[in-house]
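Reviewing the structure listed below.
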Amino acid sequence: MVQLHKLPFFNWPNCYQLANAHLELIFTTDVGPRIVRAGFVGGQNFLAEFPATHGQTGGAGWIQYGGHRLWHAPEQFPRTYQPDNAPVTLETHPNFIRLIQPIEAGTGLQKEIDLHLAADEPAVRVIHRLRNTLAWEIEVAVWPLTVMAPSGVAVAPLPPRAPHSHQTLLPTSQLTLWSYTNLADPRLTLGRRYILLRQDPANTEFQKIGVRATDGWAAYWLNGELFIKTFTVHAQAQYPDFNTPLEIFTNQEILELETLGPLTRLAPGAVVEHTENWRFFRDVTRPTSDADVEAEIAPKVN
């Protein structure tokens with residue numbers, strides 16, 4: 001059974017716990033839309049916490065609250081970094097809740113997040129939505145960012161591999177690199193089938209890598225538990241950042257699992273959506289290699 005309770009949390013007075021017997025999500029309506037806790041009931045928070053900004057509201061600049069947020073791509077300053085420091089509207093529906101942000105003054109976009117929590121398993125469907133309230137068409141992509149707690153390991157699948165042959169002469173996939181991407185980073189493991197990226201609180205270097213992850217999933221291991229998000233990659237669609245639907249960013253504080261929807265020409269009044277399905281697992285061994293992922297994580301994806 002799914003229950004919704006109002007409670008103060010992280011010094012915000014207007015927070016809500018959406019929970020079943022296994023999983024709890026906590027979000028605030030004081031700012032956002034922003035999910036600030038996700039994990040097993042009574043267990044660890046998979047989402048990064050920033051105590052210095054807990055309870056903070058208002059202000060003209062974007063603030064790092066941690067948790068799970070919704071942006072729009074391609075990334076550009078200041079367009080992407082619109083503040084989400086004002087209250088959001090909460091709508092309760094029979095099978096889901098909806099968080100609605102006021103229209104962004106700087107872009108004319110309006111953000112919404114729907115949470116569909118499963119009745120009796122640690123799983124939730126998260127639907128992200130952008131609405132164009134302008135009088136003209138714009139090009140945009142939905143960009144959800146899950147800010148993970150420190151000291152875990154992210155896993156990203158590479159597209160299917162195959163041996164060299166007359167049928168495999170052309171390239172089939174790509175990695176996307178930023179100017180600060182470092183392929184010699186000790187946090188990064190490039191396998192034949194998977195990429196692993198560790199979050200290391202002692203490493204101050206910024207790092208980011210993107211993958212044309214046609215399998216449509218990514219994972220984060222944290223203290224013996226596992227978070228998996230799945231999403232649809234549309235083969236014929238064009239994505240931001242050199243056609244990249246999955247990106248992983250890390251610094252000394254956090255790691256972000258970022259998925260992107262296709263670039264969309266959004267007419268006035270039109271809406272575009274991007275869905276992630278989240279699942280949580282206990283008793284999972286820390287992955288350090290392709291073999292670990294094949295044994296521990298890949299069987300849980302579907």
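In the structure tokens, each chain is lettered A, B, ... as it comes, each chain's residues begin at 1, and ligands are numbered from 1 in order of appearance.
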Please list as a PDB file with N, CA and C atoms, in the first residue's frame every residue within 8 Å of range 64-70 of chain A, counting only C-alpha atoms and excluding residues in the same chain fewer than 4 positions away.
ATOM      1  N   GLY A  32      11.948  23.556  -5.691  1.00  0.00           N
ATOM      2  CA  GLY A  32      11.953  22.391  -6.568  1.00  0.00           C
ATOM      3  C   GLY A  32      11.338  22.624  -7.940  1.00  0.00           C
ATOM      4  N   PRO A  33      10.906  21.522  -8.561  1.00  0.00           N
ATOM      5  CA  PRO A  33      10.676  20.191  -7.982  1.00  0.00           C
ATOM      6  C   PRO A  33      11.993  19.474  -7.648  1.00  0.00           C
ATOM      7  N   ARG A  34      12.005  18.857  -6.472  1.00  0.00           N
ATOM      8  CA  ARG A  34      13.234  18.253  -5.975  1.00  0.00           C
ATOM      9  C   ARG A  34      12.890  17.082  -5.050  1.00  0.00           C
ATOM     10  N   ILE A  35      13.393  15.879  -5.384  1.00  0.00           N
ATOM     11  CA  ILE A  35      13.311  14.728  -4.486  1.00  0.00           C
ATOM     12  C   ILE A  35      14.581  14.748  -3.653  1.00  0.00           C
ATOM     13  N   VAL A  36      14.452  14.747  -2.327  1.00  0.00           N
ATOM     14  CA  VAL A  36      15.627  14.910  -1.470  1.00  0.00           C
ATOM     15  C   VAL A  36      16.022  13.622  -0.755  1.00  0.00           C
ATOM     16  N   ARG A  37      15.172  12.604  -0.803  1.00  0.00           N
ATOM     17  CA  ARG A  37      15.537  11.307  -0.231  1.00  0.00           C
ATOM     18  C   ARG A  37      14.920  10.192  -1.067  1.00  0.00           C
ATOM     19  N   LEU A  47      20.509   9.574  -2.304  1.00  0.00           N
ATOM     20  CA  LEU A  47      20.671  10.899  -2.889  1.00  0.00           C
ATOM     21  C   LEU A  47      21.592  11.764  -2.037  1.00  0.00           C
ATOM     22  N   ALA A  48      22.383  12.583  -2.709  1.00  0.00           N
ATOM     23  CA  ALA A  48      23.333  13.454  -2.017  1.00  0.00           C
ATOM     24  C   ALA A  48      22.608  14.500  -1.190  1.00  0.00           C
ATOM     25  N   GLU A  49      23.175  14.795  -0.032  1.00  0.00           N
ATOM     26  CA  GLU A  49      22.621  15.781   0.888  1.00  0.00           C
ATOM     27  C   GLU A  49      23.596  16.941   1.035  1.00  0.00           C
ATOM     28  N   PHE A  50      23.059  18.153   1.074  1.00  0.00           N
ATOM     29  CA  PHE A  50      23.857  19.364   1.260  1.00  0.00           C
ATOM     30  C   PHE A  50      23.304  20.122   2.463  1.00  0.00           C
ATOM     31  N   THR A  53      22.510  23.936   2.666  1.00  0.00           N
ATOM     32  CA  THR A  53      21.379  24.555   1.969  1.00  0.00           C
ATOM     33  C   THR A  53      20.036  24.004   2.426  1.00  0.00           C
ATOM     34  N   HIS A  54      20.028  23.095   3.397  1.00  0.00           N
ATOM     35  CA  HIS A  54      18.753  22.565   3.891  1.00  0.00           C
ATOM     36  C   HIS A  54      17.904  23.691   4.473  1.00  0.00           C
ATOM     37  N   LYS A 111       8.334  23.103 -15.499  1.00  0.00           N
ATOM     38  CA  LYS A 111       8.777  21.746 -15.195  1.00  0.00           C
ATOM     39  C   LYS A 111       7.746  21.023 -14.326  1.00  0.00           C
ATOM     40  N   ILE A 113       7.175  16.933 -12.423  1.00  0.00           N
ATOM     41  CA  ILE A 113       7.639  15.574 -12.144  1.00  0.00           C
ATOM     42  C   ILE A 113       6.473  14.789 -11.573  1.00  0.00           C
ATOM     43  N   HIS A 128       9.215  12.955 -16.200  1.00  0.00           N
ATOM     44  CA  HIS A 128       9.695  14.339 -16.217  1.00  0.00           C
ATOM     45  C   HIS A 128       9.064  15.034 -17.417  1.00  0.00           C
ATOM     46  N   VAL A 142      14.584  17.091 -22.415  1.00  0.00           N
ATOM     47  CA  VAL A 142      14.379  16.847 -20.986  1.00  0.00           C
ATOM     48  C   VAL A 142      15.650  16.228 -20.415  1.00  0.00           C
ATOM     49  N   TRP A 143      16.059  16.705 -19.231  1.00  0.00           N
ATOM     50  CA  TRP A 143      17.356  16.306 -18.670  1.00  0.00           C
ATOM     51  C   TRP A 143      17.229  16.089 -17.157  1.00  0.00           C
ATOM     52  N   PRO A 144      16.881  14.881 -16.721  1.00  0.00           N
ATOM     53  CA  PRO A 144      16.841  14.588 -15.288  1.00  0.00           C
ATOM     54  C   PRO A 144      18.239  14.234 -14.765  1.00  0.00           C
ATOM     55  N   LEU A 145      18.562  14.754 -13.581  1.00  0.00           N
ATOM     56  CA  LEU A 145      19.853  14.504 -12.947  1.00  0.00           C
ATOM     57  C   LEU A 145      19.620  13.933 -11.547  1.00  0.00           C
ATOM     58  N   THR A 146      20.087  12.719 -11.318  1.00  0.00           N
ATOM     59  CA  THR A 146      20.002  12.105 -10.004  1.00  0.00           C
ATOM     60  C   THR A 146      21.353  12.276  -9.330  1.00  0.00           C
ATOM     61  N   VAL A 147      21.369  13.081  -8.273  1.00  0.00           N
ATOM     62  CA  VAL A 147      22.613  13.420  -7.583  1.00  0.00           C
ATOM     63  C   VAL A 147      22.823  12.383  -6.481  1.00  0.00           C
ATOM     64  N   MET A 148      23.784  11.491  -6.695  1.00  0.00           N
ATOM     65  CA  MET A 148      23.975  10.352  -5.815  1.00  0.00           C
ATOM     66  C   MET A 148      24.877  10.705  -4.633  1.00  0.00           C
TER      67      MET A 148
END
Q) range 12-15 of chain A: which residues within 9 Å, counting only C-alpha atoms, same-chain residues fewer than 5 positions away excluded, as a PyMOL selection string? A) chain A and resi 5-7+26-31+54-57
Q) When DSSP works through the backbone of this structure, what residues of range 135-239 of chain A end up as strand (DSSP E or B), shown as a PyMOL selection string? A) chain A and resi 138-148+153-157+175-177+188-190+194-198+207-211+217-222+225-230
What's around range 233-247 of chain A at 7 Å? Count only C-alpha atoms, leave out sequence neighbours fewer than 3 positions away in its own chain, and write the answer as a PDB file with N, CA and C atoms, in the first residue's frame.
ATOM      1  N   ALA A  73      18.213  20.599 -21.540  1.00  0.00           N
ATOM      2  CA  ALA A  73      19.447  20.613 -22.324  1.00  0.00           C
ATOM      3  C   ALA A  73      19.152  21.176 -23.720  1.00  0.00           C
ATOM      4  N   PRO A  74      20.199  21.594 -24.447  1.00  0.00           N
ATOM      5  CA  PRO A  74      21.625  21.555 -24.142  1.00  0.00           C
ATOM      6  C   PRO A  74      21.992  22.508 -23.001  1.00  0.00           C
ATOM      7  N   THR A 176      31.403  10.225 -25.291  1.00  0.00           N
ATOM      8  CA  THR A 176      31.400  11.680 -25.375  1.00  0.00           C
ATOM      9  C   THR A 176      32.311  12.221 -24.284  1.00  0.00           C
ATOM     10  N   ILE A 209      31.742  11.867 -18.363  1.00  0.00           N
ATOM     11  CA  ILE A 209      31.821  11.026 -19.561  1.00  0.00           C
ATOM     12  C   ILE A 209      30.396  10.707 -20.009  1.00  0.00           C
ATOM     13  N   GLY A 210      30.210  10.631 -21.309  1.00  0.00           N
ATOM     14  CA  GLY A 210      28.904  10.314 -21.876  1.00  0.00           C
ATOM     15  C   GLY A 210      28.968   9.059 -22.720  1.00  0.00           C
ATOM     16  N   VAL A 211      27.826   8.361 -22.794  1.00  0.00           N
ATOM     17  CA  VAL A 211      27.753   7.091 -23.509  1.00  0.00           C
ATOM     18  C   VAL A 211      26.474   7.061 -24.349  1.00  0.00           C
ATOM     19  N   ARG A 212      26.596   6.568 -25.555  1.00  0.00           N
ATOM     20  CA  ARG A 212      25.409   6.290 -26.376  1.00  0.00           C
ATOM     21  C   ARG A 212      24.857   4.936 -25.894  1.00  0.00           C
ATOM     22  N   ALA A 213      24.220   4.966 -24.713  1.00  0.00           N
ATOM     23  CA  ALA A 213      23.825   3.733 -24.009  1.00  0.00           C
ATOM     24  C   ALA A 213      22.500   3.223 -24.555  1.00  0.00           C
ATOM     25  N   THR A 214      22.571   2.496 -25.663  1.00  0.00           N
ATOM     26  CA  THR A 214      21.348   2.029 -26.315  1.00  0.00           C
ATOM     27  C   THR A 214      20.592   0.995 -25.486  1.00  0.00           C
ATOM     28  N   GLY A 216      19.781   1.445 -22.480  1.00  0.00           N
ATOM     29  CA  GLY A 216      18.823   2.224 -21.719  1.00  0.00           C
ATOM     30  C   GLY A 216      18.806   1.969 -20.223  1.00  0.00           C
ATOM     31  N   LEU A 257      24.034  10.718 -12.006  1.00  0.00           N
ATOM     32  CA  LEU A 257      23.553   9.870 -13.098  1.00  0.00           C
ATOM     33  C   LEU A 257      22.541  10.694 -13.879  1.00  0.00           C
ATOM     34  N   GLU A 258      22.885  11.038 -15.108  1.00  0.00           N
ATOM     35  CA  GLU A 258      22.080  11.954 -15.901  1.00  0.00           C
ATOM     36  C   GLU A 258      21.579  11.244 -17.157  1.00  0.00           C
ATOM     37  N   THR A 259      20.277  11.244 -17.366  1.00  0.00           N
ATOM     38  CA  THR A 259      19.738  10.769 -18.641  1.00  0.00           C
ATOM     39  C   THR A 259      19.156  11.957 -19.388  1.00  0.00           C
ATOM     40  N   LEU A 260      19.094  11.831 -20.702  1.00  0.00           N
ATOM     41  CA  LEU A 260      18.564  12.907 -21.538  1.00  0.00           C
ATOM     42  C   LEU A 260      17.543  12.345 -22.512  1.00  0.00           C
ATOM     43  N   GLY A 261      16.486  13.108 -22.740  1.00  0.00           N
ATOM     44  CA  GLY A 261      15.538  12.781 -23.785  1.00  0.00           C
ATOM     45  C   GLY A 261      16.003  13.345 -25.113  1.00  0.00           C
ATOM     46  N   PRO A 262      15.324  13.003 -26.198  1.00  0.00           N
ATOM     47  CA  PRO A 262      15.701  13.518 -27.514  1.00  0.00           C
ATOM     48  C   PRO A 262      15.516  15.023 -27.613  1.00  0.00           C
ATOM     49  N   LEU A 263      16.326  15.649 -28.458  1.00  0.00           N
ATOM     50  CA  LEU A 263      16.088  17.046 -28.803  1.00  0.00           C
ATOM     51  C   LEU A 263      14.741  17.154 -29.510  1.00  0.00           C
TER      52      LEU A 263
END
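Neighbours of Pro78 in chain A closer than or equal to 10 Å, with only C-alpha atoms counted and sequence neighbours fewer than 5 positions away skipped, come out as Gly61, Trp62, Pro83, Gly106 and Thr107 of chain A.
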(Q) Let me make sure I understand: among A:Gly39, A:Gly152, A:Pro186, A:Pro163, which one has the smallest atom-to-atom distance to Arg286 in chain A if we use only C-alpha atoms? (A)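 Among the listed residues, the smallest separation from Arg286 in chain A belongs to A:Gly152.
Take the candidates A:Phe206, A:Phe231, A:Phe280, A:Tyr81 and check each one against Trp178 in chain A using only C-alpha atoms; the shortest distance goes to A:Phe206.
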Contacts of Leu99 in chain A at 7 Å or less, counting only C-alpha atoms, minus same-chain residues fewer than 6 places along, as a compact mmCIF listing (two decimals) with N, CA and C atoms, in the first residue's frame?
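Now in part.txt:
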# COMPACT_ATOMS: atom_id res chain seq x y z
N PRO A 33 10.91 21.52 -8.56
CA PRO A 33 10.68 20.19 -7.98
C PRO A 33 11.99 19.47 -7.65
N VAL A 88 6.60 24.84 -5.04
CA VAL A 88 5.98 24.13 -6.14
C VAL A 88 4.60 23.65 -5.72
N THR A 89 3.76 23.37 -6.71
CA THR A 89 2.41 22.88 -6.46
C THR A 89 2.40 21.37 -6.40
N LEU A 90 1.72 20.82 -5.41
CA LEU A 90 1.55 19.38 -5.27
C LEU A 90 0.14 19.00 -5.68
N GLU A 91 0.03 18.09 -6.64
CA GLU A 91 -1.26 17.50 -7.01
C GLU A 91 -1.25 16.03 -6.65
N GLU A 112 7.57 19.73 -14.61
CA GLU A 112 6.72 18.88 -13.79
C GLU A 112 7.40 17.53 -13.59
N ILE A 113 7.17 16.93 -12.42
CA ILE A 113 7.64 15.57 -12.14
C ILE A 113 6.47 14.79 -11.57
N ASP A 114 6.21 13.62 -12.16
CA ASP A 114 5.21 12.68 -11.64
C ASP A 114 5.91 11.50 -10.99
Q) Which is closest to Asn95 in chain A among A:Gln110, A:Phe40, A:Leu18, A:Leu170, if we use only C-alpha atoms? A)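 Nearest candidate to Asn95 in chain A out of A:Gln110, A:Phe40, A:Leu18, A:Leu170: A:Leu18.
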Q: Would you list the contacts of range 224-227 of chain A as number ranges by chain, taking every protein, DNA or RNA residue within 8 Å and counting only C-alpha atoms, but skipping same-chain residues closer than 4 positions in sequence?
A: A: 46, 219-220, 278-286
Q: as a list of chain:residue names, please: all residues of range 40-255 of chain A that backbone DSSP puts in alpha helix (DSSP H).
A: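 Output for range 40-255 of chain A, alpha helix (DSSP H) only: A:Pro240, A:Asp241, A:Phe242, A:Asn243.
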Atoms kept (N, CA and C atoms) for selection, written as a CSV table (one decimal), in the first residue's frame:
chain,number,residue,atom,x,y,z
A,240,PRO,N,21.1,15.6,-27.3
A,240,PRO,CA,22.2,16.7,-27.1
A,240,PRO,C,23.5,16.1,-26.9
A,241,ASP,N,24.5,16.9,-26.9
A,241,ASP,CA,25.9,16.5,-26.5
A,241,ASP,C,26.5,15.4,-27.4
A,242,PHE,N,26.5,15.7,-28.7
A,242,PHE,CA,26.9,14.7,-29.7
A,242,PHE,C,26.1,13.4,-29.6
A,243,ASN,N,24.8,13.5,-29.4
A,243,ASN,CA,23.9,12.4,-29.5
A,243,ASN,C,24.1,11.4,-28.3
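For Thr288 in chain A, the list of residues within 8 Å, based on only C-alpha atoms and with local chain neighbours fewer than 3 positions off taken out, reads Leu196, Asp292 and Val293 of chain A.
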